[in-house]
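Trainee: This is the content of data_19.cif (mmCIF, C-alpha atoms):
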data_upload
#
loop_
_atom_site.label_atom_id
_atom_site.label_comp_id
_atom_site.auth_asym_id
_atom_site.auth_seq_id
_atom_site.Cartn_x
_atom_site.Cartn_y
_atom_site.Cartn_z
CA MET L 20 0.00 0.00 0.00
CA GLU L 21 2.78 2.35 1.03
CA LYS L 22 4.77 1.41 -2.07
CA LYS L 23 1.76 2.06 -4.30
CA LEU L 24 1.30 5.49 -2.70
CA ILE L 25 4.93 6.37 -3.29
CA VAL L 26 4.72 5.31 -6.95
CA THR L 27 1.51 7.28 -7.46
CA THR L 28 2.93 10.38 -5.77
CA THR L 29 6.11 10.14 -7.81
CA ALA L 30 4.10 9.83 -11.02
CA ILE L 31 1.99 12.87 -10.16
CA LEU L 32 5.05 14.94 -9.29
CA THR L 33 6.78 13.89 -12.49
CA ILE L 34 3.79 14.86 -14.61
CA ALA L 35 3.47 18.16 -12.74
CA PHE L 36 7.17 18.83 -13.27
CA LEU L 37 6.89 18.06 -16.99
CA VAL L 38 3.84 20.29 -17.37
CA ILE L 39 5.54 23.17 -15.55
CA ARG L 40 8.73 22.62 -17.51
CA LYS L 41 6.86 22.59 -20.83
CA ASP L 42 5.06 25.81 -19.92
CA THR L 43 8.33 27.43 -18.86
CA GLU L 44 9.98 26.38 -22.10
CA ASN L 45 7.22 28.14 -24.04
CA ILE L 46 7.68 31.39 -22.18
CA PRO L 47 9.67 33.59 -24.56
CA GLY L 48 12.81 35.13 -23.21
CA ASP L 49 13.13 37.98 -25.65
CA LYS L 50 11.05 40.50 -27.54
CA VAL L 51 11.41 38.81 -30.93
CA THR L 52 10.20 35.43 -29.68
CA LEU L 53 7.30 37.00 -27.82
CA GLY L 54 6.44 39.03 -30.90
CA ARG L 55 6.49 35.87 -32.99
CA GLN L 56 4.03 34.15 -30.63
CA LEU L 57 1.71 37.14 -30.76
CA PHE L 58 2.02 37.41 -34.54
CA PHE L 59 0.71 33.87 -34.97
CA ASP L 60 -1.84 33.96 -32.14
CA PRO L 61 -5.53 34.59 -33.02
CA ILE L 62 -6.04 35.92 -29.52
CA LEU L 63 -5.57 39.38 -31.05
CA SER L 64 -8.72 39.21 -33.21
CA SER L 65 -12.30 39.67 -32.02
CA THR L 66 -13.32 36.21 -33.26
CA ARG L 67 -10.10 34.56 -32.07
CA LYS L 68 -9.79 33.12 -35.58
CA ILE L 69 -7.51 35.61 -37.34
CA SER L 70 -3.89 36.34 -36.50
CA CYS L 71 -1.40 38.68 -38.13
CA ALA L 72 -0.05 35.60 -39.92
CA SER L 73 -3.46 34.89 -41.48
CA CYS L 74 -2.70 37.65 -43.96
CA HIS L 75 1.09 37.93 -43.60
CA LYS L 76 1.93 34.33 -44.48
CA PRO L 77 5.51 33.11 -44.10
CA GLU L 78 5.32 31.06 -47.29
CA PHE L 79 4.59 34.23 -49.25
CA ALA L 80 7.36 36.29 -47.66
CA PHE L 81 4.84 37.43 -45.03
CA ALA L 82 2.47 38.77 -47.68
CA ASP L 83 -0.64 37.04 -49.06
CA SER L 84 -1.61 35.45 -52.35
CA SER L 85 -5.11 36.94 -52.21
CA VAL L 86 -5.89 40.18 -53.99
CA ILE L 87 -7.47 41.40 -50.77
CA SER L 88 -7.01 39.33 -47.62
CA PRO L 89 -10.17 38.48 -45.69
CA GLY L 90 -10.35 39.69 -42.11
CA VAL L 91 -12.79 38.60 -39.41
CA TYR L 92 -16.15 37.34 -40.75
CA ASP L 93 -14.51 37.38 -44.22
CA ARG L 94 -14.64 41.16 -44.27
CA LYS L 95 -12.46 42.75 -46.90
CA GLY L 96 -10.68 46.05 -47.00
CA THR L 97 -9.46 47.67 -50.19
CA ARG L 98 -5.73 47.02 -50.37
CA ASN L 99 -3.39 44.15 -51.03
CA THR L 100 -1.39 42.79 -48.08
CA PRO L 101 2.20 44.07 -48.26
CA SER L 102 5.09 41.93 -47.11
CA ALA L 103 5.99 42.31 -43.45
CA MET L 104 9.64 41.56 -44.23
CA ASN L 105 12.58 43.92 -44.67
CA LEU L 106 10.91 46.87 -42.99
CA THR L 107 13.63 47.85 -40.54
CA ASP L 108 14.88 50.77 -42.61
CA ASP L 109 11.45 52.07 -43.60
CA VAL L 110 10.22 55.40 -42.29
CA SER L 111 6.52 54.96 -43.10
CA PHE L 112 4.16 52.02 -43.17
CA PHE L 113 1.04 50.88 -45.03
CA TRP L 114 0.56 51.68 -48.69
CA ASP L 115 -0.35 55.26 -47.83
CA GLY L 116 2.32 55.71 -45.18
CA ARG L 117 -0.11 56.55 -42.40
CA ALA L 118 2.05 55.03 -39.67
CA ALA L 119 5.44 56.52 -38.89
CA THR L 120 6.90 53.62 -36.91
CA LEU L 121 6.58 49.85 -36.87
CA GLU L 122 5.20 50.13 -33.34
CA GLU L 123 2.45 52.45 -34.52
CA GLN L 124 1.77 50.19 -37.49
CA ALA L 125 1.58 47.03 -35.39
CA LEU L 126 -1.55 48.05 -33.49
CA LEU L 127 -3.65 49.39 -36.36
CA PRO L 128 -4.62 46.05 -37.99
CA ILE L 129 -5.68 44.73 -34.59
CA ALA L 130 -8.23 47.51 -34.21
CA SER L 131 -9.24 47.74 -37.88
CA PRO L 132 -12.86 46.52 -38.38
CA HIS L 133 -11.86 44.97 -41.72
CA GLU L 134 -8.97 43.06 -40.27
CA MET L 135 -8.82 41.82 -36.68
CA ASP L 136 -11.56 44.08 -35.32
CA LEU L 137 -10.41 44.09 -31.71
CA PRO L 138 -9.96 47.40 -29.88
CA VAL L 139 -6.43 47.58 -28.55
CA ASP L 140 -7.70 48.00 -24.99
CA SER L 141 -9.62 44.73 -25.38
CA ALA L 142 -6.54 43.03 -26.79
CA VAL L 143 -4.54 44.14 -23.77
CA THR L 144 -7.27 42.91 -21.43
CA ARG L 145 -7.20 39.51 -23.13
CA LEU L 146 -3.44 39.26 -22.81
CA ASN L 147 -3.67 40.16 -19.13
CA SER L 148 -6.25 37.38 -18.70
CA SER L 149 -3.73 34.88 -19.99
CA GLU L 150 -1.34 33.41 -17.42
CA HIS L 151 1.04 32.60 -20.28
CA TYR L 152 1.19 36.16 -21.60
CA ARG L 153 1.32 37.70 -18.11
CA ARG L 154 4.43 35.63 -17.46
CA ALA L 155 5.84 36.27 -20.91
CA PHE L 156 5.51 40.04 -20.76
CA ARG L 157 6.96 40.11 -17.24
CA GLN L 158 9.87 38.00 -18.47
CA VAL L 159 10.58 40.22 -21.50
CA PHE L 160 9.51 43.70 -20.39
CA GLY L 161 9.42 43.38 -16.60
CA GLN L 162 5.78 44.42 -16.63
CA LEU L 163 2.31 43.21 -17.55
CA PRO L 164 0.97 43.56 -21.11
CA ASP L 165 -0.07 47.02 -22.24
CA ALA L 166 -0.51 48.67 -25.63
CA ARG L 167 3.03 49.96 -25.67
CA ASN L 168 4.85 46.70 -25.02
CA LEU L 169 2.41 44.80 -27.24
CA ALA L 170 3.43 47.09 -30.08
CA GLN L 171 7.09 46.75 -29.16
CA ALA L 172 6.92 42.96 -29.24
CA LEU L 173 5.18 42.80 -32.61
CA ALA L 174 7.52 45.41 -34.08
CA GLY L 175 10.53 43.58 -32.65
CA PHE L 176 9.48 40.41 -34.43
CA GLN L 177 8.94 42.26 -37.70
CA ARG L 178 12.41 43.82 -37.43
CA SER L 179 13.84 40.32 -37.25
CA LEU L 180 12.41 39.51 -40.69
CA GLU L 181 15.35 40.82 -42.69
CA THR L 182 16.57 38.81 -45.66
CA ALA L 183 19.92 39.14 -47.41
CA ASP L 184 20.75 35.62 -48.55
CA THR L 185 19.78 35.86 -52.18
CA PRO L 186 21.46 34.69 -55.38
CA PHE L 187 21.72 38.35 -56.39
CA ASP L 188 23.57 39.37 -53.21
CA ASP L 189 25.82 36.35 -53.54
CA TRP L 190 26.74 37.45 -57.04
CA ARG L 191 27.40 41.07 -56.11
CA LEU L 192 29.05 40.65 -52.71
CA ASN L 193 31.08 37.52 -53.35
CA ASP L 194 31.64 37.84 -57.09
CA ASN L 195 30.00 34.44 -57.40
CA ALA L 196 29.15 34.61 -61.08
CA ASP L 197 27.51 31.19 -60.92
CA ALA L 198 24.98 32.33 -58.34
CA VAL L 199 22.79 33.81 -61.05
CA SER L 200 22.19 33.18 -64.73
CA GLU L 201 23.27 35.39 -67.60
CA SER L 202 19.63 36.37 -67.92
CA VAL L 203 19.66 37.73 -64.36
CA LYS L 204 22.79 39.73 -65.10
CA ARG L 205 21.22 41.21 -68.21
CA GLY L 206 18.07 41.89 -66.24
CA PHE L 207 20.02 43.82 -63.61
CA ALA L 208 21.59 45.93 -66.33
CA ILE L 209 18.18 46.63 -67.88
CA PHE L 210 16.81 47.47 -64.41
CA ASN L 211 19.53 50.12 -64.13
CA SER L 212 19.26 51.50 -67.65
CA LYS L 213 16.53 51.08 -70.26
CA ALA L 214 13.76 50.15 -67.83
CA ARG L 215 14.69 53.00 -65.47
CA CYS L 216 13.49 50.98 -62.46
CA PHE L 217 16.42 52.15 -60.33
CA GLN L 218 15.15 55.71 -60.36
CA CYS L 219 12.55 54.69 -57.77
CA HIS L 220 13.67 51.24 -56.62
CA PHE L 221 17.05 51.64 -54.97
CA GLY L 222 18.69 51.00 -51.62
CA PRO L 223 19.03 47.75 -49.67
CA ASN L 224 15.44 46.71 -50.35
CA PHE L 225 15.04 48.30 -53.78
CA ASN L 226 12.52 50.84 -52.58
CA ASN L 227 12.93 54.25 -51.06
CA THR L 228 11.06 56.48 -48.70
CA GLU L 229 9.08 58.30 -51.39
CA PHE L 230 5.49 57.98 -52.54
CA ARG L 231 4.85 57.85 -56.27
CA ASN L 232 1.86 57.80 -58.57
CA ILE L 233 2.49 55.10 -61.13
CA GLY L 234 -0.82 55.71 -62.89
CA LEU L 235 -3.20 53.42 -61.03
CA PHE L 236 -5.62 56.21 -60.12
CA ASP L 237 -8.11 57.50 -62.67
CA GLY L 238 -10.91 58.68 -60.39
CA LYS L 239 -13.35 56.38 -62.20
CA ILE L 240 -12.56 52.69 -61.98
CA LEU L 241 -9.43 53.15 -59.90
CA GLN L 242 -10.56 55.37 -57.06
CA ASP L 243 -8.08 54.78 -54.24
CA SER L 244 -6.45 58.18 -53.74
CA GLY L 245 -3.60 56.68 -51.69
CA ARG L 246 -1.29 59.10 -49.92
CA ALA L 247 -3.72 61.99 -50.48
CA SER L 248 -6.14 60.35 -48.05
CA VAL L 249 -3.52 60.88 -45.35
CA THR L 250 -2.09 64.27 -46.28
CA GLY L 251 -5.13 65.89 -47.88
CA ARG L 252 -2.88 67.30 -50.60
CA SER L 253 -4.06 67.15 -54.20
CA GLY L 254 -0.47 66.58 -55.31
CA ASP L 255 -0.54 63.27 -53.46
CA LEU L 256 -3.53 61.91 -55.38
CA GLY L 257 -2.84 58.35 -56.47
CA LYS L 258 0.54 58.18 -54.79
CA PHE L 259 1.52 55.06 -52.90
CA LYS L 260 4.59 53.87 -51.06
CA ILE L 261 7.25 52.46 -53.36
CA GLY L 262 7.18 48.73 -52.77
CA PRO L 263 10.35 46.83 -51.85
CA LEU L 264 11.51 44.26 -54.38
CA ARG L 265 13.21 41.73 -52.12
CA ASN L 266 11.24 38.45 -52.26
CA VAL L 267 8.87 40.07 -54.74
CA ALA L 268 8.54 36.79 -56.65
CA LEU L 269 6.67 35.40 -53.65
CA THR L 270 4.29 38.28 -53.04
CA ALA L 271 1.89 38.19 -56.00
CA PRO L 272 -0.55 39.72 -56.70
CA TYR L 273 0.98 43.16 -57.02
CA MET L 274 0.31 46.86 -56.43
CA HIS L 275 -1.83 48.44 -53.73
CA ASN L 276 -4.97 46.89 -55.17
CA GLY L 277 -3.49 43.56 -56.24
CA MET L 278 -4.54 44.17 -59.83
CA PHE L 279 -1.53 42.46 -61.43
CA ARG L 280 -1.38 38.71 -60.95
CA THR L 281 2.20 38.10 -62.09
CA LEU L 282 5.56 39.82 -62.33
CA ARG L 283 5.19 39.72 -66.11
CA GLU L 284 1.94 41.68 -65.87
CA VAL L 285 3.76 44.27 -63.77
CA ILE L 286 6.57 44.54 -66.29
CA ASP L 287 4.09 44.76 -69.17
CA TYR L 288 2.33 47.57 -67.35
CA TYR L 289 5.51 49.58 -66.84
CA ASP L 290 6.47 48.91 -70.44
CA ASP L 291 3.41 50.79 -71.66
CA PRO L 292 1.07 51.99 -68.86
CA ASP L 293 -1.40 53.64 -71.25
CA LYS L 294 -2.38 50.25 -72.60
CA VAL L 295 -3.72 49.27 -69.17
CA VAL L 296 -4.88 52.58 -67.66
CA PRO L 297 -5.43 55.07 -70.48
CA ASP L 298 -6.53 58.11 -68.48
CA PRO L 299 -4.57 58.24 -65.25
CA ILE L 300 -4.64 61.28 -63.00
CA ASN L 301 -1.37 62.75 -61.77
CA ARG L 302 0.81 59.94 -63.14
CA ASP L 303 4.53 60.38 -62.53
CA SER L 304 6.40 61.88 -65.49
CA LEU L 305 8.92 59.03 -65.26
CA LEU L 306 6.23 56.88 -66.87
CA SER L 307 5.30 59.32 -69.59
CA ARG L 308 6.72 57.30 -72.47
CA PRO L 309 6.76 53.55 -73.19
CA LEU L 310 9.93 51.62 -72.39
CA ASN L 311 9.67 49.48 -75.54
CA LEU L 312 11.23 46.48 -73.87
CA THR L 313 11.72 43.39 -76.02
CA GLU L 314 10.30 40.05 -74.91
CA GLN L 315 13.81 38.91 -74.00
CA GLU L 316 14.39 42.05 -71.95
CA LYS L 317 11.14 41.47 -70.09
CA THR L 318 12.17 37.90 -69.34
CA ASP L 319 15.59 39.06 -68.16
CA LEU L 320 14.04 41.69 -65.93
CA GLU L 321 11.68 39.13 -64.43
CA ASN L 322 14.55 36.73 -63.79
CA PHE L 323 16.50 39.50 -62.07
CA LEU L 324 13.52 40.16 -59.79
CA ARG L 325 13.29 36.45 -58.99
CA SER L 326 16.96 36.45 -58.01
CA LEU L 327 16.04 38.73 -55.09
CA THR L 328 14.30 35.82 -53.34
CA ASP L 329 15.92 34.81 -50.10
CA ARG L 330 17.23 31.26 -50.16
CA GLY L 331 15.94 30.70 -46.65
CA LEU L 332 12.41 31.06 -47.89
CA GLY L 333 13.04 27.89 -49.83
CA THR L 334 11.32 28.68 -53.08
CA ALA L 335 13.96 30.46 -55.12
CA THR L 336 13.49 29.61 -58.73
CA PRO L 337 16.42 27.85 -60.37
CA PHE L 338 17.53 29.85 -63.37
CA MET C 13 56.83 49.54 -53.10
CA ALA C 14 54.38 47.56 -55.23
CA CYS C 15 52.89 46.19 -52.06
CA ARG C 16 52.47 49.69 -50.65
CA GLN C 17 50.71 50.86 -53.81
CA GLN C 18 48.38 47.90 -53.59
CA GLU C 19 47.52 48.79 -50.01
CA GLN C 20 46.75 52.37 -50.94
CA GLY C 21 44.48 51.56 -53.88
CA ILE C 22 40.74 51.75 -53.43
CA GLN C 23 40.15 48.32 -54.98
CA GLY C 24 38.73 45.77 -52.60
CA LYS C 25 36.14 45.73 -49.83
CA TRP C 26 35.85 48.40 -47.16
CA ASN C 27 33.77 48.48 -43.99
CA SER C 28 32.45 51.79 -42.71
CA LEU C 29 33.77 52.84 -39.33
CA HIS C 30 30.78 55.12 -38.83
CA SER C 31 27.84 53.02 -39.98
CA GLU C 32 27.87 49.39 -38.89
CA GLY C 33 27.16 46.91 -41.66
CA PHE C 34 27.86 49.40 -44.48
CA THR C 35 30.37 47.95 -46.96
CA LEU C 36 31.80 49.26 -50.22
CA TYR C 37 33.30 46.95 -52.84
CA PHE C 38 35.46 48.49 -55.57
CA ARG C 39 36.26 46.04 -58.34
CA GLU C 40 39.18 46.12 -60.70
CA ASP C 41 36.78 46.51 -63.66
CA GLY C 42 35.64 49.93 -62.46
CA THR C 43 32.35 48.85 -60.90
CA VAL C 44 31.45 49.57 -57.30
CA ASP C 45 28.73 48.12 -55.10
CA ALA C 46 27.50 49.22 -51.70
CA PHE C 47 26.05 46.81 -49.16
CA ASP C 48 23.99 47.23 -46.04
CA ASN C 49 24.39 44.21 -43.78
CA GLY C 50 24.94 41.97 -46.77
CA LYS C 51 22.17 43.49 -48.86
CA SER C 52 23.28 44.94 -52.15
CA PHE C 53 22.53 48.61 -51.68
CA SER C 54 23.68 50.32 -54.84
CA SER C 55 25.74 49.58 -57.92
CA GLY C 56 27.67 52.05 -59.99
CA PHE C 57 30.98 52.91 -61.56
CA TYR C 58 34.11 54.71 -60.42
CA LYS C 59 37.32 56.18 -61.79
CA THR C 60 40.37 57.24 -59.83
CA SER C 61 43.07 59.75 -60.58
CA GLY C 62 45.69 60.33 -57.95
CA ASP C 63 43.91 60.95 -54.69
CA THR C 64 40.62 61.75 -56.42
CA ILE C 65 37.73 59.40 -57.12
CA ILE C 66 34.69 59.99 -59.33
CA VAL C 67 31.67 57.83 -58.55
CA TYR C 68 28.67 57.40 -60.87
CA GLU C 69 25.27 55.92 -60.31
CA PRO C 70 24.18 52.91 -62.45
CA ASN C 71 23.54 55.04 -65.50
CA LEU C 72 27.10 56.00 -66.30
CA GLN C 73 26.38 59.67 -66.74
CA ALA C 74 24.07 59.96 -63.77
CA TYR C 75 24.84 61.86 -60.60
CA PRO C 76 28.64 61.95 -60.69
CA ALA C 77 30.32 62.72 -57.41
CA VAL C 78 33.92 63.73 -56.80
CA TYR C 79 35.76 62.98 -53.57
CA THR C 80 39.33 62.95 -52.43
CA LEU C 81 40.63 59.91 -50.61
CA GLN C 82 42.96 60.16 -47.65
CA PHE C 83 44.67 56.83 -46.98
CA LYS C 84 46.24 56.02 -43.65
CA GLY C 85 47.35 52.44 -43.11
CA ASP C 86 44.37 50.18 -43.75
CA LYS C 87 41.91 53.05 -43.48
CA VAL C 88 40.62 55.60 -45.95
CA THR C 89 38.67 58.80 -45.31
CA TRP C 90 36.44 60.40 -47.95
CA HIS C 91 36.27 64.19 -48.42
CA VAL C 92 33.71 65.71 -50.75
CA VAL C 93 34.71 67.93 -53.66
CA SER C 94 31.31 67.91 -55.34
CA ASP C 95 28.23 65.71 -55.00
CA THR C 96 24.75 66.59 -56.21
CA LEU C 97 23.10 63.82 -54.18
CA SER C 98 22.66 65.22 -50.69
CA GLY C 99 22.05 61.83 -49.10
CA ARG C 100 25.24 60.37 -50.50
CA ARG C 101 27.18 63.48 -49.57
CA LYS C 102 25.90 63.25 -46.00
CA ALA C 103 26.81 59.57 -45.83
CA MET C 104 30.25 59.86 -47.39
CA ASP C 105 31.82 63.23 -46.59
CA GLY C 106 34.26 62.72 -43.71
CA SER C 107 33.45 59.01 -43.50
CA ALA C 108 36.23 56.58 -42.73
CA PHE C 109 36.41 52.97 -43.94
CA LYS C 110 38.64 50.08 -42.96
CA ARG C 111 39.88 47.61 -45.53
CA MET C 112 38.37 44.14 -45.19
CA ASN C 113 40.66 41.18 -45.29
CA ASP C 114 39.18 38.52 -47.58
#
Can you dump the structure from the file as structure tokens?
Mentor:
Amino acid sequence: MEKKLIVTTTAILTIAFLVIRKDTENIPGDKVTLGRQLFFDPILSSTRKISCASCHKPEFAFADSSVISPGVYDRKGTRNTPSAMNLTDDVSFFWDGRAATLEEQALLPIASPHEMDLPVDSAVTRLNSSEHYRRAFRQVFGQLPDARNLAQALAGFQRSLETADTPFDDWRLNDNADAVSESVKRGFAIFNSKARCFQCHFGPNFNNTEFRNIGLFDGKILQDSGRASVTGRSGDLGKFKIGPLRNVALTAPYMHNGMFRTLREVIDYYDDPDKVVPDPINRDSLLSRPLNLTEQEKTDLENFLRSLTDRGLGTATPF
Amino acid sequence: MACRQQEQGIQGKWNSLHSEGFTLYFREDGTVDAFDNGKSFSSGFYKTSGDTIIVYEPNLQAYPAVYTLQFKGDKVTWHVVSDTLSGRRKAMDGSAFKRMND
């Protein structure tokens, strides 16, 4: 009897130890790990069914393959999900640049009725109701969850999503000529010359801090006024943030409204924008005349863009 | 003497002493690339004459910049003569780089 009691007690203590140990192991010890847990946790949506990762999917470089991602109750906004990667150097966020920091950006989709539809105060209350998150936030921030440290954790995770291991970087940094095809090399040259892409897409992520109107606003069918909705300036009509090109092969469909399904459609558009949107308002003068790219040049340009895919994402196209 | 000339040439890879992760790579063929933590940042062309360097953006005629280079051991400091790109001027004027050992 006594032996049986000892065995039973030992078993209970062992299970309790394992449970406690497992829980402790899941408690993140740093901001990035905590941010990652929150990013994938539907606790931050009103229905508890949508997380940040529902729209920012890792397999698509933290973008989405839908034209417009569905939020709670399948509600839809008006803009395509941008990639959440390679944002560390950015100085504005969202297509219209309405957030000035990643921390400010991180909370807006939580509260947006078309996305996660949960007031930030409610999100904080939920996190404080969770023993796991109470412990996690104390561990990382030395305090209980609040809006500020919630934003810091999510932003911290997003800052960790930098990618630099691409065939293109390997070619340029290490002079590894075999890292990319001859087509990629030609495409890079076209990018920097005839196609004039580099005039807007430059820097570590092939974007810059500007907003440009590439002609996808005509006030009729294409009615998203973009940056103007934030600044109220007529000169900003139809302007949107210049998209980064790293991992762009994984982030179709393209543009703020997801109207182009493939990279080739994007290149065809830039080659002769009037063929797609004949009466744009306020289109940038850089796009005032056709590029007249040949089919081979378009293919080369597309292959160059594909060479900007991080190898760690596992889907780089062999050239 | 030949060795000393090699050390004082701009060819090769240089790490910024002011901006962590910023690297410049000057190739023998006259091309130059900039990198930010391993990310290709910018590609262009350069020419040197004595202590002066002219740097161009990808389009060979675009945005030329002229700097003088002051070598000291394995370090080089850039001093602007003319540069129409304010961002580049801000980043480069007075900046020191240390030669990377491959």
Trainee: So which residues get picked by the PyMOL selection byres ((chain C and resi 48) around 7) here, written as a list in words?
Mentor: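 Going through the file, the PyMOL selection byres ((chain C and resi 48) around 7) ends up selecting Pro223 of chain L; Gly33, Phe34, Thr35, Ala46, Phe47, Asn49, Gly50, Lys51, Ser52 and Phe53 of chain C.
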Trainee: From the options L:Ser131, L:Ser304, L:Gln171, L:Thr182, which residue's atoms come nearest to chain C, counting all atoms listed in the file?
Mentor: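 Nearest candidate to chain C out of L:Ser131, L:Ser304, L:Gln171, L:Thr182: L:Thr182.
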Trainee: Here's the selection I'm unsure about, the PyMOL selection byres ((chain C and resi 106) around 6); applied to the file above, which residues does it give, as a list in words?
Mentor: Trp90, His91, Asp105 and Ser107 of chain C
Trainee: Quick one, how far is atom CA of Gln82 of chain C from atom CA of Trp190 of chain L?
Mentor: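 Separating atom CA of Gln82 of chain C from atom CA of Trp190 of chain L is a distance of 29.4 Å.
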Trainee: How many Å lie between atom CA of Gly262 of chain L and atom CA of Phe57 of chain C, rounded to one decimal?
Mentor: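 Straight-line distance from atom CA of Gly262 of chain L to atom CA of Phe57 of chain C works out to 25.7 Å.
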